[in-house]
$ cat entry.cif   # mmCIF, C-alpha atoms
data_run
#
loop_
_atom_site.label_atom_id
_atom_site.label_comp_id
_atom_site.auth_asym_id
_atom_site.auth_seq_id
_atom_site.Cartn_x
_atom_site.Cartn_y
_atom_site.Cartn_z
CA MET W 163 48.95 -45.15 10.59
CA SER W 164 52.10 -44.14 8.78
CA GLU W 165 53.57 -40.65 8.79
CA ALA W 166 52.70 -40.28 5.09
CA GLU W 167 49.05 -41.15 5.76
CA VAL W 168 48.90 -38.67 8.64
CA THR W 169 50.34 -35.98 6.38
CA THR W 170 47.83 -36.80 3.65
CA LEU W 171 44.92 -36.60 6.10
CA SER W 172 46.18 -33.27 7.39
CA VAL W 173 46.33 -31.88 3.88
CA VAL W 174 42.84 -33.18 3.06
CA TRP W 175 41.46 -31.70 6.28
CA MET W 176 43.10 -28.33 5.56
CA LEU W 177 41.69 -28.28 2.02
CA LEU W 178 38.24 -29.22 3.32
CA ARG W 179 38.34 -26.41 5.88
CA ARG W 180 39.36 -23.94 3.19
CA PHE W 181 36.58 -25.18 0.92
CA VAL W 182 33.97 -24.82 3.67
CA LEU W 183 35.31 -21.35 4.52
CA LEU W 184 35.12 -20.39 0.83
CA LEU W 185 31.50 -21.56 0.69
CA LEU W 186 30.68 -19.54 3.78
CA VAL W 187 32.32 -16.42 2.32
CA LEU W 188 30.46 -16.88 -0.98
CA ALA W 189 27.18 -17.39 0.88
CA LEU W 190 27.80 -14.25 2.94
CA LEU W 191 28.67 -12.21 -0.16
CA SER W 192 25.56 -13.50 -1.93
CA TYR W 193 23.42 -12.59 1.06
CA LEU W 194 24.92 -9.11 1.32
CA GLY W 195 24.43 -8.67 -2.42
CA ALA W 196 20.78 -9.64 -2.09
CA VAL W 197 20.39 -7.22 0.85
CA GLY W 198 21.93 -4.43 -1.21
CA LEU W 199 19.73 -5.20 -4.20
CA LEU W 200 16.65 -5.22 -2.01
CA TYR W 201 17.61 -1.93 -0.39
CA PHE W 202 18.42 -0.02 -3.56
CA ARG W 203 15.50 -1.40 -5.59
CA GLN W 204 12.88 -1.34 -2.84
CA ARG W 205 10.81 1.49 -4.31
CA SER W 206 10.71 -0.12 -7.73
CA ILE W 207 9.44 -3.26 -5.98
CA LEU W 208 6.84 -1.38 -3.93
CA TYR W 209 5.49 1.05 -6.54
CA TYR W 210 4.24 0.03 -9.99
CA PRO W 211 3.12 3.25 -11.70
CA SER W 212 0.41 2.57 -14.26
CA TRP W 213 -2.24 4.35 -16.27
CA ALA W 214 -5.28 3.55 -18.38
CA ALA W 215 -4.75 4.37 -22.03
CA ALA W 216 -8.36 4.70 -23.19
CA VAL W 217 -9.77 7.39 -20.90
CA ASP W 218 -10.80 11.00 -21.32
CA ALA W 219 -8.41 13.81 -20.48
CA PRO W 220 -8.09 14.76 -16.79
CA THR W 221 -10.76 17.11 -15.51
CA LEU W 222 -9.01 18.69 -12.54
CA SER W 223 -5.60 19.82 -11.38
CA VAL W 224 -4.23 20.07 -7.85
CA ALA W 225 -1.04 21.88 -6.87
CA VAL W 226 0.96 19.85 -4.34
CA PRO W 227 4.46 20.52 -2.97
CA GLY W 228 6.78 20.95 -5.93
CA LEU W 229 4.47 19.93 -8.75
CA ARG W 230 0.92 19.73 -10.07
CA LEU W 231 -1.17 16.55 -10.23
CA GLN W 232 -3.88 15.87 -12.80
CA GLY W 233 -6.93 13.76 -12.05
CA TRP W 234 -10.63 13.19 -12.52
CA ALA W 235 -13.77 14.31 -10.69
CA VAL W 236 -16.73 11.93 -11.00
CA ASN W 237 -20.29 13.20 -10.40
CA PRO W 238 -19.17 16.84 -10.04
CA GLY W 239 -21.26 19.32 -8.10
CA GLN W 240 -22.38 17.07 -5.23
CA PRO W 241 -22.22 18.53 -1.70
CA ARG W 242 -20.37 15.51 -0.28
CA ALA W 243 -16.99 14.38 -1.58
CA LEU W 244 -15.04 11.14 -1.62
CA LEU W 245 -11.28 10.97 -2.16
CA TYR W 246 -9.93 7.65 -3.46
CA PHE W 247 -6.40 6.33 -2.92
CA GLY W 248 -5.51 3.37 -5.13
CA GLY W 249 -3.24 0.36 -5.00
CA ASN W 250 0.43 0.20 -5.91
CA ALA W 251 -0.25 -0.84 -9.52
CA GLU W 252 -3.70 0.67 -9.94
CA ALA W 253 -4.79 3.19 -12.54
CA VAL W 254 -7.42 4.92 -10.42
CA GLU W 255 -9.14 6.41 -13.45
CA LYS W 256 -10.47 2.95 -14.31
CA ASN W 257 -12.91 3.36 -11.39
CA ARG W 258 -14.83 6.23 -12.95
CA ASP W 259 -17.78 4.20 -14.21
CA LEU W 260 -18.04 2.24 -10.96
CA PHE W 261 -18.27 5.35 -8.79
CA ALA W 262 -20.51 7.20 -11.21
CA THR W 263 -23.20 4.54 -10.78
CA ALA W 264 -22.53 3.26 -7.25
CA LEU W 265 -22.16 6.64 -5.51
CA PRO W 266 -24.17 9.26 -7.43
CA GLY W 267 -24.55 11.37 -4.28
CA TYR W 268 -20.78 11.91 -3.97
CA THR W 269 -18.33 13.84 -6.07
CA VAL W 270 -15.56 11.26 -6.27
CA TYR W 271 -12.00 12.48 -6.75
CA LEU W 272 -9.57 10.16 -8.53
CA LEU W 273 -6.13 11.72 -8.24
CA PRO W 274 -3.26 9.46 -9.36
CA TYR W 275 -0.12 9.54 -7.27
CA ARG W 276 3.13 11.19 -8.31
CA GLY W 277 4.53 9.21 -11.22
CA TYR W 278 1.20 7.51 -11.96
CA SER W 279 -1.08 8.01 -14.97
CA GLY W 280 1.24 10.55 -16.54
CA ASN W 281 1.68 12.69 -13.43
CA PRO W 282 5.20 14.05 -12.78
CA GLY W 283 7.43 13.05 -9.90
CA ALA W 284 8.23 9.76 -8.16
CA PRO W 285 6.28 8.26 -5.23
CA THR W 286 7.64 8.04 -1.70
CA GLU W 287 5.75 7.57 1.56
CA SER W 288 6.40 11.08 2.84
CA ASP W 289 5.51 12.71 -0.48
CA LEU W 290 2.29 10.74 -0.89
CA TYR W 291 1.24 11.70 2.64
CA ALA W 292 1.96 15.37 1.99
CA ASP W 293 0.14 15.29 -1.37
CA ALA W 294 -2.89 13.59 0.19
CA LEU W 295 -3.24 16.24 2.91
CA VAL W 296 -3.11 19.03 0.32
CA GLU W 297 -5.68 17.25 -1.83
CA PHE W 298 -7.97 16.76 1.15
CA ASP W 299 -7.75 20.41 2.20
CA GLN W 300 -8.54 21.70 -1.28
CA ILE W 301 -11.45 19.30 -1.70
CA ARG W 302 -12.81 20.00 1.78
CA ALA W 303 -12.99 23.71 0.96
CA ARG W 304 -15.52 22.93 -1.79
CA HIS W 305 -17.72 20.35 0.02
CA VAL W 306 -19.61 19.92 3.26
CA SER W 307 -17.73 16.70 4.06
CA VAL W 308 -15.09 14.35 2.69
CA ALA W 309 -15.01 10.55 2.97
CA LEU W 310 -12.01 8.41 2.04
CA ILE W 311 -11.44 5.07 0.35
CA GLY W 312 -7.98 3.51 0.46
CA ARG W 313 -7.28 0.31 -1.44
CA SER W 314 -4.25 -1.87 -0.69
CA LEU W 315 -1.26 0.53 -0.68
CA GLY W 316 -3.73 3.40 -0.56
CA SER W 317 -5.18 2.13 2.72
CA GLY W 318 -2.01 3.33 4.44
CA ILE W 319 -2.40 6.79 2.90
CA ALA W 320 -6.11 6.96 3.75
CA THR W 321 -5.35 5.95 7.35
CA TYR W 322 -2.73 8.69 7.60
CA VAL W 323 -5.11 11.36 6.28
CA ALA W 324 -7.92 10.15 8.56
CA ALA W 325 -5.61 10.55 11.56
CA HIS W 326 -4.85 14.18 10.62
CA ARG W 327 -8.05 15.53 9.08
CA PRO W 328 -11.84 15.55 9.83
CA VAL W 329 -12.89 12.60 7.67
CA GLU W 330 -16.61 11.80 7.49
CA ARG W 331 -16.25 8.08 6.78
CA LEU W 332 -13.35 5.76 6.00
CA VAL W 333 -13.26 2.64 3.82
CA LEU W 334 -10.17 0.42 3.79
CA VAL W 335 -10.04 -2.18 1.02
CA THR W 336 -7.63 -5.13 1.41
CA PRO W 337 -5.63 -3.18 4.04
CA TYR W 338 -2.56 -4.15 6.07
CA ASP W 339 -1.08 -3.30 9.44
CA SER W 340 2.17 -2.10 7.84
CA ILE W 341 4.05 -2.63 4.59
CA ALA W 342 7.07 -3.50 6.73
CA ASN W 343 5.23 -6.42 8.33
CA VAL W 344 3.86 -7.66 5.01
CA ALA W 345 7.33 -7.47 3.44
CA GLN W 346 8.93 -9.26 6.39
CA GLY W 347 6.56 -12.15 5.80
CA LYS W 348 7.56 -12.31 2.14
CA TYR W 349 11.30 -11.91 2.81
CA PRO W 350 11.81 -13.64 6.18
CA LEU W 351 15.60 -13.94 5.82
CA PHE W 352 16.18 -10.19 5.54
CA PRO W 353 16.08 -7.44 8.22
CA ILE W 354 13.21 -5.61 6.53
CA GLY W 355 12.67 -3.22 9.42
CA LEU W 356 16.20 -1.88 8.97
CA LEU W 357 16.11 -1.79 5.17
CA LEU W 358 12.69 -0.39 4.37
CA LYS W 359 12.31 3.34 3.72
CA ASP W 360 8.53 3.41 3.18
CA LYS W 361 6.85 1.44 5.98
CA TYR W 362 3.23 2.70 5.95
CA GLU W 363 2.57 1.76 9.57
CA SER W 364 -1.22 2.05 9.64
CA TRP W 365 -1.47 0.15 12.92
CA ARG W 366 0.19 3.08 14.72
CA ARG W 367 -2.68 5.41 13.73
CA ALA W 368 -5.64 3.04 13.97
CA SER W 369 -6.29 3.77 17.64
CA ASP W 370 -6.74 7.49 16.82
CA LEU W 371 -9.50 6.91 14.26
CA THR W 372 -13.00 7.59 15.59
CA MET W 373 -14.98 8.01 12.36
CA PRO W 374 -17.19 5.16 11.08
CA THR W 375 -14.89 2.75 9.28
CA LEU W 376 -15.51 -0.16 6.92
CA VAL W 377 -12.89 -2.81 6.16
CA LEU W 378 -13.40 -4.86 3.01
CA ILE W 379 -11.42 -8.10 2.81
CA ALA W 380 -10.93 -10.28 -0.27
CA GLY W 381 -11.56 -13.87 0.76
CA ARG W 382 -8.94 -15.16 -1.71
CA ASP W 383 -6.34 -12.44 -1.16
CA MET W 384 -2.88 -13.81 -2.03
CA VAL W 385 -1.10 -10.44 -1.71
CA ILE W 386 -2.02 -9.15 1.76
CA PRO W 387 -2.07 -12.01 4.30
CA ARG W 388 -5.21 -12.11 6.42
CA ALA W 389 -3.06 -11.97 9.56
CA ASN W 390 -1.83 -8.49 8.58
CA THR W 391 -5.37 -7.25 8.01
CA ASP W 392 -6.54 -8.74 11.31
CA ALA W 393 -3.63 -7.07 13.13
CA LEU W 394 -4.76 -3.69 11.78
CA ILE W 395 -8.37 -4.32 12.81
CA ALA W 396 -7.23 -5.28 16.31
CA ALA W 397 -5.41 -1.93 16.64
CA PHE W 398 -8.63 0.10 16.34
CA LYS W 399 -10.24 1.32 19.56
CA ARG W 400 -13.52 1.96 17.77
CA LYS W 401 -13.88 -1.34 15.97
CA PRO W 402 -14.64 -1.04 12.25
CA GLU W 403 -17.30 -2.89 10.34
CA VAL W 404 -15.65 -5.84 8.61
CA VAL W 405 -16.97 -7.51 5.46
CA VAL W 406 -15.31 -10.47 3.75
CA ILE W 407 -16.08 -10.78 0.04
CA ALA W 408 -15.51 -14.51 -0.16
CA GLY W 409 -15.13 -14.99 -3.90
CA ALA W 410 -12.86 -12.00 -4.50
CA SER W 411 -9.08 -11.90 -4.83
CA HIS W 412 -6.78 -8.97 -4.13
CA ASN W 413 -6.77 -7.65 -7.67
CA ASP W 414 -10.38 -8.25 -8.72
CA ILE W 415 -12.31 -7.26 -5.59
CA ALA W 416 -13.69 -4.13 -7.28
CA GLU W 417 -15.31 -6.32 -9.93
CA ASP W 418 -17.42 -8.19 -7.38
CA ASP W 419 -21.05 -7.11 -7.06
CA GLY W 420 -20.68 -7.26 -3.28
CA TYR W 421 -17.97 -4.61 -3.37
CA ARG W 422 -20.21 -2.08 -5.08
CA ARG W 423 -23.14 -2.95 -2.81
CA ASP W 424 -21.17 -2.73 0.44
CA LEU W 425 -19.59 0.59 -0.52
CA ALA W 426 -22.95 2.11 -1.38
CA MET W 427 -24.63 0.82 1.78
CA PHE W 428 -21.88 2.12 4.07
CA LEU W 429 -21.33 5.50 2.43
CA THR W 430 -24.97 6.38 1.86
CA ARG W 431 -26.25 5.20 5.23
#
$ encode --input "entry.cif" --output "structure tokens"
Amino acid sequence: MSEAEVTTLSVVWMLLRRFVLLLLVLALLSYLGAVGLLYFRQRSILYYPSWAAAVDAPTLSVAVPGLRLQGWAVNPGQPRALLYFGGNAEAVEKNRDLFATALPGYTVYLLPYRGYSGNPGAPTESDLYADALVEFDQIRARHVSVALIGRSLGSGIATYVAAHRPVERLVLVTPYDSIANVAQGKYPLFPIGLLLKDKYESWRRASDLTMPTLVLIAGRDMVIPRANTDALIAAFKRKPEVVVIAGASHNDIAEDDGYRRDLAMFLTR
């Protein structure tokens, strides 16, 4: 091989190394950009505030730290109460007719989160926990007992309240072990545990829950993987009742006749 050919190969090799290095730098910058975007937008990804347009005006008001939340009381005047915590994109007021007919023996409280259904503020894990405890305490003062239902995101809030207050019965609908674990499954290339601010680690509290508990699972749930629900169930010392509604998906489980039936059977037992 001539000296000129050796020189040419050296130049080609140097250019190739620089090109590969440039690709690696661009890939790293793209990854760091995606990490930054995920970190700074995480709450807009987790929370989807919504409201139902065609409903009556709120019927109750609860003062929580820093603001006042408006909501609805269904079947008012009953001795037993039920406090409902909805999903991340759920307008809880849409459940009024369901609870009015399915649970006539309970006064059911539908209190949208901060930032939901016209309420002021913005949701965070710590604020939603604090609000829920205040709501429970005010409701408990007016009733002989309080049961909880937590659906999807709300299952983490219901689990938190149940670990800190005397809850009569607990229903968890399409629940998870933690939002952090669910998110890690959806974003496996990112260090979710380091990035996530609102983790909702229900599995940490499950072993402290001694009240009768029902877990309702949507058989076609494409949002919360079954493995995350099973991990939560496994964390309970007092094992909950578990019902799989085979034909239901994550978002339409409340429309299934089995959902209404199972709620009524468990809560009115």
$ resolve_selection --input "entry.cif" --expression "the PyMOL selection byres ((chain W and resi 332) around 9)" --output "PDB file with C-alpha atoms, keeping the file's coordinate frame"
ATOM      1  CA  ALA W 309     -15.010  10.550   2.970  1.00  0.00           C
ATOM      2  CA  LEU W 310     -12.010   8.410   2.040  1.00  0.00           C
ATOM      3  CA  ILE W 311     -11.440   5.070   0.350  1.00  0.00           C
ATOM      4  CA  GLY W 312      -7.980   3.510   0.460  1.00  0.00           C
ATOM      5  CA  ALA W 320      -6.110   6.960   3.750  1.00  0.00           C
ATOM      6  CA  THR W 321      -5.350   5.950   7.350  1.00  0.00           C
ATOM      7  CA  ALA W 324      -7.920  10.150   8.560  1.00  0.00           C
ATOM      8  CA  VAL W 329     -12.890  12.600   7.670  1.00  0.00           C
ATOM      9  CA  GLU W 330     -16.610  11.800   7.490  1.00  0.00           C
ATOM     10  CA  ARG W 331     -16.250   8.080   6.780  1.00  0.00           C
ATOM     11  CA  VAL W 333     -13.260   2.640   3.820  1.00  0.00           C
ATOM     12  CA  LEU W 334     -10.170   0.420   3.790  1.00  0.00           C
ATOM     13  CA  MET W 373     -14.980   8.010  12.360  1.00  0.00           C
ATOM     14  CA  PRO W 374     -17.190   5.160  11.080  1.00  0.00           C
ATOM     15  CA  THR W 375     -14.890   2.750   9.280  1.00  0.00           C
ATOM     16  CA  LEU W 376     -15.510  -0.160   6.920  1.00  0.00           C
ATOM     17  CA  VAL W 377     -12.890  -2.810   6.160  1.00  0.00           C
ATOM     18  CA  LEU W 429     -21.330   5.500   2.430  1.00  0.00           C
TER      19      LEU W 429
END
$ resolve_selection --input "entry.cif" --expression "the PyMOL selection byres ((chain W and resi 411) around 8)" --output "ChimeraX atom specification"
/W:380-384,409-410,412-415
$ write_last_selection --input "entry.cif" --atoms "C-alpha atoms" --output "PDB file, in the frame of the given file"
ATOM      1  CA  ALA W 380     -10.930 -10.280  -0.270  1.00  0.00           C
ATOM      2  CA  GLY W 381     -11.560 -13.870   0.760  1.00  0.00           C
ATOM      3  CA  ARG W 382      -8.940 -15.160  -1.710  1.00  0.00           C
ATOM      4  CA  ASP W 383      -6.340 -12.440  -1.160  1.00  0.00           C
ATOM      5  CA  MET W 384      -2.880 -13.810  -2.030  1.00  0.00           C
ATOM      6  CA  GLY W 409     -15.130 -14.990  -3.900  1.00  0.00           C
ATOM      7  CA  ALA W 410     -12.860 -12.000  -4.500  1.00  0.00           C
ATOM      8  CA  HIS W 412      -6.780  -8.970  -4.130  1.00  0.00           C
ATOM      9  CA  ASN W 413      -6.770  -7.650  -7.670  1.00  0.00           C
ATOM     10  CA  ASP W 414     -10.380  -8.250  -8.720  1.00  0.00           C
ATOM     11  CA  ILE W 415     -12.310  -7.260  -5.590  1.00  0.00           C
TER      12      ILE W 415
END
$ resolve_selection --input "entry.cif" --expression "the PyMOL selection byres ((chain W and resi 220-236) around 10)" --output "JSON, numbers by chain"
{"W": [217, 218, 219, 237, 238, 239, 240, 243, 244, 245, 254, 255, 257, 258, 259, 260, 261, 262, 263, 265, 266, 268, 269, 270, 271, 272, 273, 274, 275, 276, 277, 278, 279, 280, 281, 282, 283, 289, 290, 292, 293, 294, 295, 296, 297, 300, 301]}
$ closest_residue --input "entry.cif" --among "W:Tyr338, W:Leu194, W:Val173, W:Arg423" --to "W:Tyr362" --atoms "only C-alpha atoms"
W:Tyr338
$ atom_distance --input "entry.cif" --atom1 "atom CA of W:Gly267" --atom2 "atom CA of W:Asp370"
27.9 Å
$ residues_around --input "entry.cif" --residues "W:Ala389" --least-positions-apart "5" --cutoff "12 Å" --atoms "all atoms listed in the file" --output "ChimeraX atom specification"
/W:336-340,343-344,347,379,383-384,394-396
$ build_atoms --input "entry.cif" --residues "stretch 369-398 of chain W" --atoms "N, CA and C atoms" --output "PDB file, in the frame of the given file"
ATOM      1  N   SER W 369      -5.642   3.481  16.356  1.00  0.00           N
ATOM      2  CA  SER W 369      -6.290   3.770  17.640  1.00  0.00           C
ATOM      3  C   SER W 369      -6.791   5.207  17.717  1.00  0.00           C
ATOM      4  N   ASP W 370      -6.314   6.081  16.816  1.00  0.00           N
ATOM      5  CA  ASP W 370      -6.740   7.490  16.820  1.00  0.00           C
ATOM      6  C   ASP W 370      -7.970   7.730  15.951  1.00  0.00           C
ATOM      7  N   LEU W 371      -8.420   6.722  15.237  1.00  0.00           N
ATOM      8  CA  LEU W 371      -9.500   6.910  14.260  1.00  0.00           C
ATOM      9  C   LEU W 371     -10.849   6.664  14.930  1.00  0.00           C
ATOM     10  N   THR W 372     -11.688   7.693  14.926  1.00  0.00           N
ATOM     11  CA  THR W 372     -13.000   7.590  15.590  1.00  0.00           C
ATOM     12  C   THR W 372     -14.160   7.666  14.609  1.00  0.00           C
ATOM     13  N   MET W 373     -13.893   7.937  13.333  1.00  0.00           N
ATOM     14  CA  MET W 373     -14.980   8.010  12.360  1.00  0.00           C
ATOM     15  C   MET W 373     -15.467   6.599  12.012  1.00  0.00           C
ATOM     16  N   PRO W 374     -16.715   6.475  11.531  1.00  0.00           N
ATOM     17  CA  PRO W 374     -17.190   5.160  11.080  1.00  0.00           C
ATOM     18  C   PRO W 374     -16.248   4.600   9.999  1.00  0.00           C
ATOM     19  N   THR W 375     -15.871   3.356  10.176  1.00  0.00           N
ATOM     20  CA  THR W 375     -14.890   2.750   9.280  1.00  0.00           C
ATOM     21  C   THR W 375     -15.378   1.388   8.805  1.00  0.00           C
ATOM     22  N   LEU W 376     -15.183   1.132   7.520  1.00  0.00           N
ATOM     23  CA  LEU W 376     -15.510  -0.160   6.920  1.00  0.00           C
ATOM     24  C   LEU W 376     -14.234  -0.784   6.376  1.00  0.00           C
ATOM     25  N   VAL W 377     -14.013  -2.052   6.702  1.00  0.00           N
ATOM     26  CA  VAL W 377     -12.890  -2.810   6.160  1.00  0.00           C
ATOM     27  C   VAL W 377     -13.433  -3.886   5.241  1.00  0.00           C
ATOM     28  N   LEU W 378     -12.991  -3.858   3.992  1.00  0.00           N
ATOM     29  CA  LEU W 378     -13.400  -4.860   3.010  1.00  0.00           C
ATOM     30  C   LEU W 378     -12.229  -5.794   2.740  1.00  0.00           C
ATOM     31  N   ILE W 379     -12.459  -7.081   2.940  1.00  0.00           N
ATOM     32  CA  ILE W 379     -11.420  -8.100   2.810  1.00  0.00           C
ATOM     33  C   ILE W 379     -11.753  -9.015   1.640  1.00  0.00           C
ATOM     34  N   ALA W 380     -10.766  -9.301   0.808  1.00  0.00           N
ATOM     35  CA  ALA W 380     -10.930 -10.280  -0.270  1.00  0.00           C
ATOM     36  C   ALA W 380     -10.680 -11.669   0.291  1.00  0.00           C
ATOM     37  N   GLY W 381     -11.677 -12.541   0.161  1.00  0.00           N
ATOM     38  CA  GLY W 381     -11.560 -13.870   0.760  1.00  0.00           C
ATOM     39  C   GLY W 381     -10.440 -14.704   0.175  1.00  0.00           C
ATOM     40  N   ARG W 382     -10.026 -14.409  -1.060  1.00  0.00           N
ATOM     41  CA  ARG W 382      -8.940 -15.160  -1.710  1.00  0.00           C
ATOM     42  C   ARG W 382      -7.722 -14.271  -1.961  1.00  0.00           C
ATOM     43  N   ASP W 383      -7.464 -13.385  -1.024  1.00  0.00           N
ATOM     44  CA  ASP W 383      -6.340 -12.440  -1.160  1.00  0.00           C
ATOM     45  C   ASP W 383      -5.015 -13.181  -1.006  1.00  0.00           C
ATOM     46  N   MET W 384      -4.195 -13.168  -2.062  1.00  0.00           N
ATOM     47  CA  MET W 384      -2.880 -13.810  -2.030  1.00  0.00           C
ATOM     48  C   MET W 384      -1.756 -12.785  -1.940  1.00  0.00           C
ATOM     49  N   VAL W 385      -2.103 -11.506  -1.775  1.00  0.00           N
ATOM     50  CA  VAL W 385      -1.100 -10.440  -1.710  1.00  0.00           C
ATOM     51  C   VAL W 385      -0.930  -9.944  -0.281  1.00  0.00           C
ATOM     52  N   ILE W 386      -2.043  -9.591   0.365  1.00  0.00           N
ATOM     53  CA  ILE W 386      -2.020  -9.150   1.760  1.00  0.00           C
ATOM     54  C   ILE W 386      -2.504 -10.303   2.635  1.00  0.00           C
ATOM     55  N   PRO W 387      -1.639 -10.909   3.436  1.00  0.00           N
ATOM     56  CA  PRO W 387      -2.070 -12.010   4.300  1.00  0.00           C
ATOM     57  C   PRO W 387      -3.171 -11.560   5.264  1.00  0.00           C
ATOM     58  N   ARG W 388      -4.105 -12.433   5.522  1.00  0.00           N
ATOM     59  CA  ARG W 388      -5.210 -12.110   6.420  1.00  0.00           C
ATOM     60  C   ARG W 388      -4.700 -11.711   7.797  1.00  0.00           C
ATOM     61  N   ALA W 389      -3.609 -12.300   8.231  1.00  0.00           N
ATOM     62  CA  ALA W 389      -3.060 -11.970   9.560  1.00  0.00           C
ATOM     63  C   ALA W 389      -2.688 -10.498   9.647  1.00  0.00           C
ATOM     64  N   ASN W 390      -2.196  -9.912   8.557  1.00  0.00           N
ATOM     65  CA  ASN W 390      -1.830  -8.490   8.580  1.00  0.00           C
ATOM     66  C   ASN W 390      -3.058  -7.593   8.607  1.00  0.00           C
ATOM     67  N   THR W 391      -4.116  -8.006   7.938  1.00  0.00           N
ATOM     68  CA  THR W 391      -5.370  -7.250   8.010  1.00  0.00           C
ATOM     69  C   THR W 391      -5.972  -7.358   9.406  1.00  0.00           C
ATOM     70  N   ASP W 392      -5.973  -8.548   9.969  1.00  0.00           N
ATOM     71  CA  ASP W 392      -6.540  -8.740  11.310  1.00  0.00           C
ATOM     72  C   ASP W 392      -5.751  -7.953  12.356  1.00  0.00           C
ATOM     73  N   ALA W 393      -4.439  -7.842  12.186  1.00  0.00           N
ATOM     74  CA  ALA W 393      -3.630  -7.070  13.130  1.00  0.00           C
ATOM     75  C   ALA W 393      -4.012  -5.589  13.087  1.00  0.00           C
ATOM     76  N   LEU W 394      -4.320  -5.082  11.888  1.00  0.00           N
ATOM     77  CA  LEU W 394      -4.760  -3.690  11.780  1.00  0.00           C
ATOM     78  C   LEU W 394      -6.112  -3.516  12.467  1.00  0.00           C
ATOM     79  N   ILE W 395      -7.042  -4.407  12.204  1.00  0.00           N
ATOM     80  CA  ILE W 395      -8.370  -4.320  12.810  1.00  0.00           C
ATOM     81  C   ILE W 395      -8.263  -4.332  14.335  1.00  0.00           C
ATOM     82  N   ALA W 396      -7.402  -5.166  14.853  1.00  0.00           N
ATOM     83  CA  ALA W 396      -7.230  -5.280  16.310  1.00  0.00           C
ATOM     84  C   ALA W 396      -6.678  -3.994  16.915  1.00  0.00           C
ATOM     85  N   ALA W 397      -6.005  -3.162  16.128  1.00  0.00           N
ATOM     86  CA  ALA W 397      -5.410  -1.930  16.640  1.00  0.00           C
ATOM     87  C   ALA W 397      -6.419  -0.800  16.800  1.00  0.00           C
ATOM     88  N   PHE W 398      -7.602  -0.931  16.206  1.00  0.00           N
ATOM     89  CA  PHE W 398      -8.630   0.100  16.340  1.00  0.00           C
ATOM     90  C   PHE W 398      -9.234   0.077  17.739  1.00  0.00           C
TER      91      PHE W 398
END
